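For reference, the structure is listed below as structure tokens.
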Amino acid sequence: MAIAKWSALLSVPLLTACGDATAPVRRPSPRLERFAPPPVYDLWWSMARDCSGRNGSLHGVAWYVVPGTRSIVVNGKSYKGYWYALGNRIVLAEAAVLDGSLVRHEMLHALTSRGPHGRSDFLERCGGVVSCEGECLDDAGPLPPPDPGIVRVKSQGLDIDVVLNPQTPSRSLFDGHFTMTVTARNPYGHAILVELPPAGDAGPSVTFEYRVEFSGGYAQSNGRSWDDGVTRFAVAETKQYVFDFRIIDAPGTASDGGLGPGTYTFRGAYGGGWAPVSPTVKLSPP
Ligand SMILES: [Zn+2]
């Protein structure tokens, strides 16, 4: 039995997604190429728009790619993507063009028209929907200590749910791209601080994770508690995390979220507490 085990999202990538409203906009390099947003950008834009509560048109953004690159350099630093206030432009390394959390991060800059990474936008409203690592976490700054009276609970007591978007992924929708959103809701009548189990490695505790099961094995990945905010829930608060997938032609799985033809069950968890119901869908070849 083949076991596909994808690497956990443990390391903090050196290359992050960022924007800076004050960065000088240089004359576009000859290597920059304008591109039309692919269909999945409509889905990703709607997710960034919904979590941010901001309005804006995807087509108000000018999209550029630097072909053949894994990173771009802005003011001496490497990034996978960068938003420029002037002209509302987003420049992506080619390797990042279909990186959902990274692209949604840049979209959030465009929707908020702000370069700095405010905690309220990048870690609270849109936490788990957009990537926030490195410079983004630094900008957000640490949370103040929790209220000493806050009630500490185990993660198993939360309400966990899994939703696919579209509900029935298909090659004819968004070129086969789709998302799995895992949500965790505080069911108690008061604020809580969730005590996550320690990770099985040297990294921070696992927050949201998935395990996608199919007849030939499974694929899994997880997010980690890089920021304390992910463990603090207000009354009735729901937190979410979005995992990105796409339908591929080859059987089995690919490390970037590609799933070949077959039937898959999407299991999701927060802090080791699993959703009681898991969507099962059949993915068909083109
Ligand atoms: Zn950013």
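Residue names in the structure tokens use chain letters A, B, ... in the order shown, residue numbers from 1 in each chain, and ligand numbers from 1 in the order shown.
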Contacts of ligand 1, 10 Å or closer, only C-alpha atoms and all ligand atoms, given as a PyMOL selection string
chain A and resi 16-20+79-83+102-110+114-118+122+130-137+139
Using only C-alpha atoms, which protein or nucleic acid residues come within 8 Å of region 39-44 of chain A? Drop anything in the same chain fewer than 6 positions from it, and give the result as a PyMOL selection string.
chain A and resi 58+100+103-104+174-175+177-178
Hey, can you spit out that residue selection with all heavy atoms as a PDB file, in the first residue's frame?
```pdb
ATOM      1  N   LEU A  58     -11.438  42.064  -8.272  1.00  0.00           N
ATOM      2  CA  LEU A  58     -10.225  41.348  -8.671  1.00  0.00           C
ATOM      3  C   LEU A  58      -9.598  42.002  -9.894  1.00  0.00           C
ATOM      4  O   LEU A  58      -8.376  42.045 -10.039  1.00  0.00           O
ATOM      5  CB  LEU A  58     -10.583  39.886  -8.972  1.00  0.00           C
ATOM      6  CG  LEU A  58      -9.512  39.021  -9.629  1.00  0.00           C
ATOM      7  CD1 LEU A  58      -8.301  38.861  -8.726  1.00  0.00           C
ATOM      8  CD2 LEU A  58     -10.093  37.649  -9.975  1.00  0.00           C
ATOM      9  N   GLY A 100      -2.063  29.125  -3.254  1.00  0.00           N
ATOM     10  CA  GLY A 100      -3.286  29.766  -2.790  1.00  0.00           C
ATOM     11  C   GLY A 100      -3.110  30.711  -1.610  1.00  0.00           C
ATOM     12  O   GLY A 100      -3.528  31.867  -1.656  1.00  0.00           O
ATOM     13  N   VAL A 103      -1.094  33.802  -2.641  1.00  0.00           N
ATOM     14  CA  VAL A 103      -1.830  34.721  -3.524  1.00  0.00           C
ATOM     15  C   VAL A 103      -2.920  35.448  -2.730  1.00  0.00           C
ATOM     16  O   VAL A 103      -3.129  36.659  -2.880  1.00  0.00           O
ATOM     17  CB  VAL A 103      -2.418  33.964  -4.738  1.00  0.00           C
ATOM     18  CG1 VAL A 103      -3.368  34.857  -5.534  1.00  0.00           C
ATOM     19  CG2 VAL A 103      -1.289  33.443  -5.637  1.00  0.00           C
ATOM     20  N   ARG A 104      -3.594  34.725  -1.841  1.00  0.00           N
ATOM     21  CA  ARG A 104      -4.633  35.384  -1.019  1.00  0.00           C
ATOM     22  C   ARG A 104      -4.016  36.435  -0.093  1.00  0.00           C
ATOM     23  O   ARG A 104      -4.643  37.454   0.214  1.00  0.00           O
ATOM     24  CB  ARG A 104      -5.417  34.326  -0.212  1.00  0.00           C
ATOM     25  CG  ARG A 104      -6.297  33.432  -1.087  1.00  0.00           C
ATOM     26  CD  ARG A 104      -7.217  32.551  -0.269  1.00  0.00           C
ATOM     27  NE  ARG A 104      -6.539  31.540   0.501  1.00  0.00           N
ATOM     28  CZ  ARG A 104      -6.237  30.305   0.086  1.00  0.00           C
ATOM     29  NH1 ARG A 104      -6.575  29.923  -1.130  1.00  0.00           N
ATOM     30  NH2 ARG A 104      -5.618  29.462   0.886  1.00  0.00           N
ATOM     31  N   PHE A 174     -12.818  26.159 -11.985  1.00  0.00           N
ATOM     32  CA  PHE A 174     -11.528  26.715 -11.533  1.00  0.00           C
ATOM     33  C   PHE A 174     -10.344  25.856 -11.987  1.00  0.00           C
ATOM     34  O   PHE A 174      -9.364  25.689 -11.253  1.00  0.00           O
ATOM     35  CB  PHE A 174     -11.510  26.878 -10.002  1.00  0.00           C
ATOM     36  CG  PHE A 174     -12.679  27.643  -9.464  1.00  0.00           C
ATOM     37  CD1 PHE A 174     -13.571  27.055  -8.573  1.00  0.00           C
ATOM     38  CD2 PHE A 174     -12.906  28.959  -9.845  1.00  0.00           C
ATOM     39  CE1 PHE A 174     -14.659  27.756  -8.083  1.00  0.00           C
ATOM     40  CE2 PHE A 174     -13.995  29.679  -9.354  1.00  0.00           C
ATOM     41  CZ  PHE A 174     -14.866  29.067  -8.482  1.00  0.00           C
ATOM     42  N   ASP A 175     -10.450  25.268 -13.177  1.00  0.00           N
ATOM     43  CA  ASP A 175      -9.376  24.405 -13.709  1.00  0.00           C
ATOM     44  C   ASP A 175      -9.024  23.267 -12.744  1.00  0.00           C
ATOM     45  O   ASP A 175      -7.883  22.800 -12.713  1.00  0.00           O
ATOM     46  CB  ASP A 175      -8.102  25.217 -14.002  1.00  0.00           C
ATOM     47  CG  ASP A 175      -8.275  26.153 -15.186  1.00  0.00           C
ATOM     48  OD1 ASP A 175      -9.131  25.865 -16.041  1.00  0.00           O
ATOM     49  OD2 ASP A 175      -7.563  27.174 -15.233  1.00  0.00           O
ATOM     50  N   HIS A 177      -8.971  23.399  -9.461  1.00  0.00           N
ATOM     51  CA  HIS A 177      -8.521  23.836  -8.126  1.00  0.00           C
ATOM     52  C   HIS A 177      -9.710  23.870  -7.173  1.00  0.00           C
ATOM     53  O   HIS A 177     -10.824  24.199  -7.567  1.00  0.00           O
ATOM     54  CB  HIS A 177      -7.914  25.241  -8.195  1.00  0.00           C
ATOM     55  CG  HIS A 177      -6.598  25.278  -8.889  1.00  0.00           C
ATOM     56  ND1 HIS A 177      -5.403  25.199  -8.233  1.00  0.00           N
ATOM     57  CD2 HIS A 177      -6.284  25.357 -10.207  1.00  0.00           C
ATOM     58  CE1 HIS A 177      -4.408  25.240  -9.098  1.00  0.00           C
ATOM     59  NE2 HIS A 177      -4.916  25.345 -10.308  1.00  0.00           N
ATOM     60  N   PHE A 178      -9.464  23.524  -5.923  1.00  0.00           N
ATOM     61  CA  PHE A 178     -10.502  23.655  -4.904  1.00  0.00           C
ATOM     62  C   PHE A 178      -9.855  23.810  -3.535  1.00  0.00           C
ATOM     63  O   PHE A 178      -8.645  23.634  -3.386  1.00  0.00           O
ATOM     64  CB  PHE A 178     -11.473  22.457  -4.933  1.00  0.00           C
ATOM     65  CG  PHE A 178     -10.862  21.112  -4.628  1.00  0.00           C
ATOM     66  CD1 PHE A 178     -11.015  20.528  -3.380  1.00  0.00           C
ATOM     67  CD2 PHE A 178     -10.156  20.414  -5.600  1.00  0.00           C
ATOM     68  CE1 PHE A 178     -10.477  19.278  -3.094  1.00  0.00           C
ATOM     69  CE2 PHE A 178      -9.606  19.161  -5.330  1.00  0.00           C
ATOM     70  CZ  PHE A 178      -9.761  18.590  -4.083  1.00  0.00           C
TER      71      PHE A 178
END
```
Please, what distance in Å, to one decimal, runs between CA of Pro67 (chain A) and CA of Thr112 (chain A)?
27.2 Å
Let me make sure I understand: among A:Leu283, A:Val74, A:Ala96, A:Ala269, which one has the smallest atom-to-atom distance to Thr168 (chain A) if we use only C-alpha atoms?
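Of A:Leu283, A:Val74, A:Ala96, A:Ala269, the one nearest Thr168 (chain A), counting only C-alpha atoms, is A:Leu283.
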Selection: 8 Å around Thr238 (chain A), only C-alpha atoms, excl. self and same-chain fewer than 5 positions, as a VMD selection string:
chain A and resid 183 to 186 233
Using DSSP secondary structure from the backbone, list all helix (DSSP H, G or I) positions within region 41-149 of chain A, as a PyMOL selection string.
chain A and resi 41-52+58-60+94-96+100-112+119-125+135-140
As an exercise, work out the distance from CA of Ser155 (chain A) to CA of Phe208 (chain A) in Å and give it to one decimal place.
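CA of Phe208 (chain A) lies 10.8 Å from CA of Ser155 (chain A).
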